[in-house]
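Visitor: Next comes work-v9.cif, mmCIF, C-alpha atoms:
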data_input
#
loop_
_atom_site.label_atom_id
_atom_site.label_comp_id
_atom_site.auth_asym_id
_atom_site.auth_seq_id
_atom_site.Cartn_x
_atom_site.Cartn_y
_atom_site.Cartn_z
CA ASN A 1 9.98 -38.79 27.52
CA ALA A 2 7.04 -38.47 25.15
CA GLY A 3 6.80 -35.23 23.24
CA VAL A 4 7.89 -33.23 20.22
CA THR A 5 11.55 -33.28 19.22
CA GLN A 6 13.10 -30.64 16.97
CA THR A 7 16.53 -30.64 15.39
CA PRO A 8 18.76 -28.74 15.19
CA LYS A 9 18.44 -26.40 18.18
CA PHE A 10 20.60 -23.69 16.62
CA GLN A 11 21.64 -22.94 13.06
CA VAL A 12 23.41 -20.14 11.23
CA LEU A 13 22.95 -19.93 7.47
CA LYS A 14 24.31 -17.68 4.80
CA THR A 15 21.83 -15.95 2.51
CA GLY A 16 20.84 -18.32 -0.29
CA GLN A 17 21.71 -21.52 1.53
CA SER A 18 19.11 -24.21 2.07
CA MET A 19 18.31 -26.33 5.08
CA THR A 20 15.65 -28.59 6.54
CA LEU A 21 14.29 -28.36 10.06
CA GLN A 22 13.24 -31.70 11.44
CA CYS A 23 10.34 -32.42 13.77
CA ALA A 24 9.14 -35.72 15.21
CA GLN A 25 6.42 -36.58 17.72
CA ASP A 26 5.83 -39.84 19.53
CA MET A 27 2.31 -39.23 20.83
CA ASN A 28 0.48 -40.69 17.82
CA HIS A 29 -0.94 -37.24 17.04
CA ASN A 30 -2.69 -36.70 13.73
CA SER A 31 -1.98 -33.00 13.27
CA MET A 32 1.34 -31.17 13.14
CA TYR A 33 2.26 -27.52 12.75
CA TRP A 34 5.18 -25.22 12.06
CA TYR A 35 5.26 -21.75 13.61
CA ARG A 36 7.75 -18.93 13.62
CA GLN A 37 8.13 -16.62 16.58
CA ASP A 38 9.37 -13.07 16.15
CA PRO A 39 9.60 -10.34 18.81
CA GLY A 40 6.31 -8.51 19.22
CA MET A 41 4.52 -10.72 16.70
CA GLY A 42 3.75 -13.78 18.72
CA LEU A 43 3.43 -17.07 16.89
CA ARG A 44 2.63 -17.14 13.20
CA LEU A 45 1.58 -20.35 11.48
CA ILE A 46 3.73 -21.26 8.48
CA TYR A 47 2.29 -24.63 7.42
CA TYR A 48 0.27 -27.36 9.02
CA SER A 49 -0.67 -30.95 8.37
CA ALA A 50 -4.10 -31.97 9.61
CA SER A 51 -3.33 -35.63 8.98
CA GLU A 52 -0.73 -37.85 7.37
CA GLY A 53 -0.58 -37.18 3.65
CA THR A 54 -2.00 -33.65 3.78
CA THR A 55 -0.37 -30.25 4.15
CA ASP A 56 -1.81 -26.75 4.00
CA LYS A 57 -0.50 -23.21 4.04
CA GLY A 58 -0.79 -21.11 7.13
CA GLU A 59 -0.43 -17.38 7.60
CA VAL A 60 3.16 -16.94 6.34
CA PRO A 61 4.09 -19.79 3.93
CA ASN A 62 6.23 -17.87 1.42
CA GLY A 63 9.81 -19.09 1.26
CA TYR A 64 9.05 -22.41 2.93
CA ASN A 65 8.07 -25.93 1.98
CA VAL A 66 6.99 -28.84 4.15
CA SER A 67 6.85 -32.61 4.01
CA ARG A 68 4.74 -34.88 6.17
CA LEU A 69 7.01 -37.86 5.85
CA ASN A 70 4.83 -40.14 7.97
CA LYS A 71 2.57 -39.76 10.96
CA ARG A 72 5.49 -38.99 13.26
CA GLU A 73 7.58 -36.60 11.19
CA PHE A 74 6.94 -33.16 9.71
CA SER A 75 9.85 -31.27 8.18
CA LEU A 76 10.21 -27.63 7.17
CA ARG A 77 12.53 -26.67 4.32
CA LEU A 78 14.04 -23.33 3.44
CA GLU A 79 15.17 -23.56 -0.18
CA SER A 80 17.01 -20.22 -0.34
CA ALA A 81 17.35 -18.62 3.06
CA ALA A 82 16.88 -14.87 3.47
CA PRO A 83 17.69 -12.62 6.45
CA SER A 84 13.94 -12.09 6.92
CA GLN A 85 13.72 -15.76 7.87
CA THR A 86 15.85 -15.20 10.95
CA SER A 87 13.52 -16.38 13.69
CA VAL A 88 12.77 -19.05 16.23
CA TYR A 89 10.85 -21.94 14.71
CA PHE A 90 8.52 -24.16 16.69
CA CYS A 91 6.94 -27.41 15.74
CA ALA A 92 3.74 -28.53 17.47
CA SER A 93 1.37 -31.44 17.32
CA SER A 94 -2.18 -32.22 18.42
CA GLY A 95 -4.34 -35.29 18.62
CA TRP A 96 -7.54 -36.65 20.08
CA ASP A 97 -6.84 -34.93 23.39
CA SER A 98 -6.31 -31.53 21.85
CA ALA A 99 -9.54 -30.19 23.31
CA ASN A 100 -8.04 -30.76 26.73
CA TYR A 101 -4.44 -29.86 26.14
CA GLY A 102 -4.28 -27.87 22.93
CA TYR A 103 -0.95 -28.30 21.23
CA THR A 104 2.27 -29.88 22.41
CA PHE A 105 5.32 -27.85 21.38
CA GLY A 106 8.93 -28.68 20.69
CA SER A 107 11.71 -26.65 22.26
CA GLY A 108 12.39 -24.69 19.09
CA THR A 109 15.10 -24.06 16.51
CA ARG A 110 16.85 -20.71 16.62
CA LEU A 111 17.80 -19.81 13.04
CA THR A 112 20.00 -16.91 12.02
CA VAL A 113 20.46 -15.99 8.36
CA VAL A 114 23.38 -13.69 7.67
CA ALA B 1 -12.70 -15.35 11.72
CA GLN B 2 -11.38 -16.10 15.16
CA SER B 3 -8.86 -13.83 16.80
CA VAL B 4 -7.27 -13.20 20.16
CA ALA B 5 -5.78 -10.00 21.55
CA GLN B 6 -3.37 -9.41 24.40
CA PRO B 7 -3.39 -5.64 24.89
CA GLU B 8 -0.29 -5.46 27.11
CA ASP B 9 3.18 -6.23 25.79
CA GLN B 10 4.56 -6.29 29.33
CA VAL B 11 3.21 -6.52 32.85
CA ASN B 12 5.37 -5.66 35.84
CA VAL B 13 4.40 -6.82 39.33
CA ALA B 14 6.12 -6.93 42.70
CA GLU B 15 6.61 -10.35 44.25
CA GLY B 16 3.73 -11.25 46.55
CA ASN B 17 1.24 -8.97 44.79
CA PRO B 18 -1.64 -10.28 42.68
CA LEU B 19 -1.15 -10.34 38.93
CA THR B 20 -3.48 -10.18 35.94
CA VAL B 21 -2.60 -10.76 32.29
CA LYS B 22 -5.37 -9.68 29.96
CA CYS B 23 -6.82 -11.49 26.97
CA THR B 24 -9.85 -10.87 24.79
CA TYR B 25 -11.08 -13.08 22.00
CA SER B 26 -13.40 -13.16 19.02
CA VAL B 27 -14.90 -16.40 17.77
CA SER B 28 -18.25 -17.54 16.47
CA GLY B 29 -19.82 -20.25 18.54
CA ASN B 30 -18.43 -21.63 21.76
CA PRO B 31 -14.76 -20.87 22.33
CA TYR B 32 -12.06 -23.20 23.52
CA LEU B 33 -9.58 -20.96 25.36
CA PHE B 34 -6.05 -21.69 26.50
CA TRP B 35 -3.14 -20.08 28.28
CA TYR B 36 0.42 -21.14 27.56
CA VAL B 37 3.67 -20.10 29.23
CA GLN B 38 7.08 -19.86 27.61
CA TYR B 39 10.27 -19.79 29.66
CA PRO B 40 13.52 -18.57 28.06
CA ASN B 41 14.84 -20.84 25.31
CA ARG B 42 11.94 -23.23 25.73
CA GLY B 43 8.81 -24.14 23.80
CA LEU B 44 5.33 -23.19 24.92
CA GLN B 45 3.86 -25.16 27.81
CA PHE B 46 0.15 -25.69 28.45
CA LEU B 47 -1.03 -23.81 31.55
CA LEU B 48 -4.82 -24.09 31.64
CA LYS B 49 -7.93 -24.25 29.49
CA TYR B 50 -11.60 -23.31 29.40
CA ILE B 51 -14.07 -25.39 27.43
CA THR B 52 -17.33 -25.39 29.39
CA GLY B 53 -18.43 -25.25 33.00
CA ASP B 54 -17.23 -22.95 35.75
CA ASN B 55 -16.07 -19.56 34.60
CA LEU B 56 -13.06 -19.71 36.92
CA VAL B 57 -10.60 -22.37 35.84
CA LYS B 58 -7.52 -23.42 37.73
CA GLY B 59 -4.26 -24.48 36.18
CA SER B 60 -0.63 -25.21 36.87
CA TYR B 61 1.68 -23.25 39.21
CA GLY B 62 -1.23 -21.61 41.08
CA PHE B 63 -2.57 -19.77 38.05
CA GLU B 64 -6.25 -19.37 37.30
CA ALA B 65 -8.24 -17.69 34.57
CA GLU B 66 -11.66 -16.13 34.51
CA PHE B 67 -13.90 -16.61 31.49
CA ASN B 68 -16.31 -13.74 30.88
CA LYS B 69 -18.64 -14.39 27.98
CA SER B 70 -20.26 -10.95 27.91
CA GLN B 71 -16.87 -9.23 27.75
CA THR B 72 -15.31 -11.96 25.58
CA SER B 73 -12.36 -12.03 27.93
CA PHE B 74 -10.20 -14.74 29.48
CA HIS B 75 -7.81 -13.00 31.86
CA LEU B 76 -5.02 -14.93 33.58
CA LYS B 77 -4.63 -14.34 37.31
CA LYS B 78 -2.59 -15.35 40.29
CA PRO B 79 -3.21 -14.17 43.87
CA SER B 80 0.46 -13.88 44.84
CA ALA B 81 3.20 -13.55 42.23
CA LEU B 82 6.57 -15.29 42.43
CA VAL B 83 9.81 -14.21 40.78
CA SER B 84 9.81 -17.60 39.05
CA ASP B 85 6.55 -16.63 37.29
CA SER B 86 8.54 -14.27 35.08
CA ALA B 87 8.02 -15.55 31.53
CA LEU B 88 6.16 -14.92 28.29
CA TYR B 89 2.45 -15.78 28.39
CA PHE B 90 0.26 -16.54 25.41
CA CYS B 91 -3.50 -16.61 25.24
CA ALA B 92 -5.02 -18.80 22.52
CA VAL B 93 -8.45 -19.59 21.12
CA ARG B 94 -9.82 -22.48 19.13
CA GLN B 95 -13.11 -22.57 17.35
CA GLY B 96 -14.89 -25.82 18.05
CA ASP B 97 -13.60 -29.20 19.13
CA SER B 98 -12.61 -30.69 15.81
CA SER B 99 -9.01 -31.81 15.69
CA ALA B 100 -8.85 -29.94 12.37
CA SER B 101 -9.66 -26.64 14.07
CA LYS B 102 -6.50 -24.61 14.40
CA ILE B 103 -5.54 -22.65 17.49
CA ILE B 104 -4.88 -18.95 17.10
CA PHE B 105 -2.33 -17.40 19.45
CA GLY B 106 -2.14 -13.89 20.81
CA SER B 107 1.01 -11.82 20.47
CA GLY B 108 2.16 -12.64 23.99
CA THR B 109 2.62 -10.69 27.23
CA ARG B 110 5.92 -10.62 29.02
CA LEU B 111 5.39 -10.91 32.77
CA SER B 112 8.17 -9.55 34.95
CA ILE B 113 8.06 -10.12 38.70
CA ARG B 114 10.48 -8.01 40.72
CA PRO B 115 11.74 -9.21 44.11
#
Could you write out this structure as structure tokens?
Guide:
Amino acid sequence: NAGVTQTPKFQVLKTGQSMTLQCAQDMNHNSMYWYRQDPGMGLRLIYYSASEGTTDKGEVPNGYNVSRLNKREFSLRLESAAPSQTSVYFCASSGWDSANYGYTFGSGTRLTVV
Amino acid sequence: AQSVAQPEDQVNVAEGNPLTVKCTYSVSGNPYLFWYVQYPNRGLQFLLKYITGDNLVKGSYGFEAEFNKSQTSFHLKKPSALVSDSALYFCAVRQGDSSASKIIFGSGTRLSIRP
């Protein structure tokens, strides 16, 4: 089924460890986004990529890096994980039909940093 | 700058009763407004949108939303709630129709429908 695929679904890290969250979309969308979701704070934008080859900071970029590997893939890297980065991470994408449907979201990665 | 507010963290409704989830927005120019729903352990799913046209828009699962320009509101409604409607609901606003325009999400409202 067409959509946004995130891996892994769950991850536990120790403080200081690094990891990369993977995201891929097969809808030929130009734009991709990484959000974190915390209780009572809704969705906060970490980084986004308006098109292949470009990335920009969102609301809460500190402690994260991203790579837009190609049009399909947009990865999020935590170089040195901290407990404050415990959250649920969502990847989303949008394309020419975004005015009609907004963003398409992946199912999320639940990350715990201990 | 655009913003969206959901004043209620939680809304509790008895099954069969009407429900309303409130949303107000702030954006310069014409707004593009959305509602999304999130079920447990799932990503957000598109529910409905307002771009232009009728102020009452209909979406999935029997939901509708009323756009009120003077009150800058876009409340989500359903005439008769179901227990299966229990979920987290997000209002969102986008400024303009450019694919480069980002969508801003509200903080979410948890809807709980009791049998």
Visitor: Using all atoms listed in the file, which residue out of A:Gly63, A:Gly108, A:Gly42, A:Gly3 lies closest to A:Ser84?
Guide: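 Comparing A:Gly63, A:Gly108, A:Gly42, A:Gly3 against A:Ser84, the winner is A:Gly63.
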Visitor: Select all residues from chain A having any atom no more than 10 Å from an atom of chain B (counting only C-alpha atoms, ignoring ligands), output as a ChimeraX atom specification.
Guide: /A:4,9,29-31,33,37-45,48-51,58,88-92,94-110
Visitor: Evaluate the PyMOL selection byres ((chain B and resi 76) around 7) on the structure here and hand back the selected residues as a count of residues only.
Guide: 9
Visitor: As a list in words, please: the residues near B:Val83 (cut-off 7 Å, only C-alpha atoms, same-chain neighbours under 3 positions excluded).
Guide: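 Here the qualifying residues turn out to be Glu15, Ser86, Ile113, Arg114 and Pro115 of chain B.
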Visitor: Provide the atom CA of A:Arg77 to atom CA of B:Pro40 distance in Å, to one decimal place.
Guide: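 Taking atom CA of A:Arg77 as the start and atom CA of B:Pro40 as the end point, the length is 25.1 Å.
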Visitor: Could you tell me how far atom CA of B:Ala87 sits from atom CA of B:Gly62, in Å to one decimal place?
Guide: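 Result for atom CA of B:Gly62 versus atom CA of B:Ala87: 14.6 Å, one decimal.
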Visitor: Given the PyMOL selection byres ((chain A and resi 86) around 7) and the file above, list the residues it selects as a list in words.
Guide: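 Given this file, the PyMOL selection byres ((chain A and resi 86) around 7) evaluates to Pro83, Ser84, Gln85, Ser87, Leu111, Thr112 and Val113 of chain A.
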Visitor: Quick one: distance from atom CA of A:Leu76 to atom CA of A:Tyr47 in Å, one decimal?
Guide: 8.5 Å
Visitor: Applied to this file, what does the PyMOL selection byres ((chain B and resi 82) around 10) return in terms of residues, put as a list in words?
Guide: Val13, Ala14, Glu15, Gly16, Asn17, Pro18, Leu19, Tyr61, Lys78, Pro79, Ser80, Ala81, Val83, Ser84, Asp85, Ser86, Ser112, Ile113, Arg114 and Pro115 of chain B
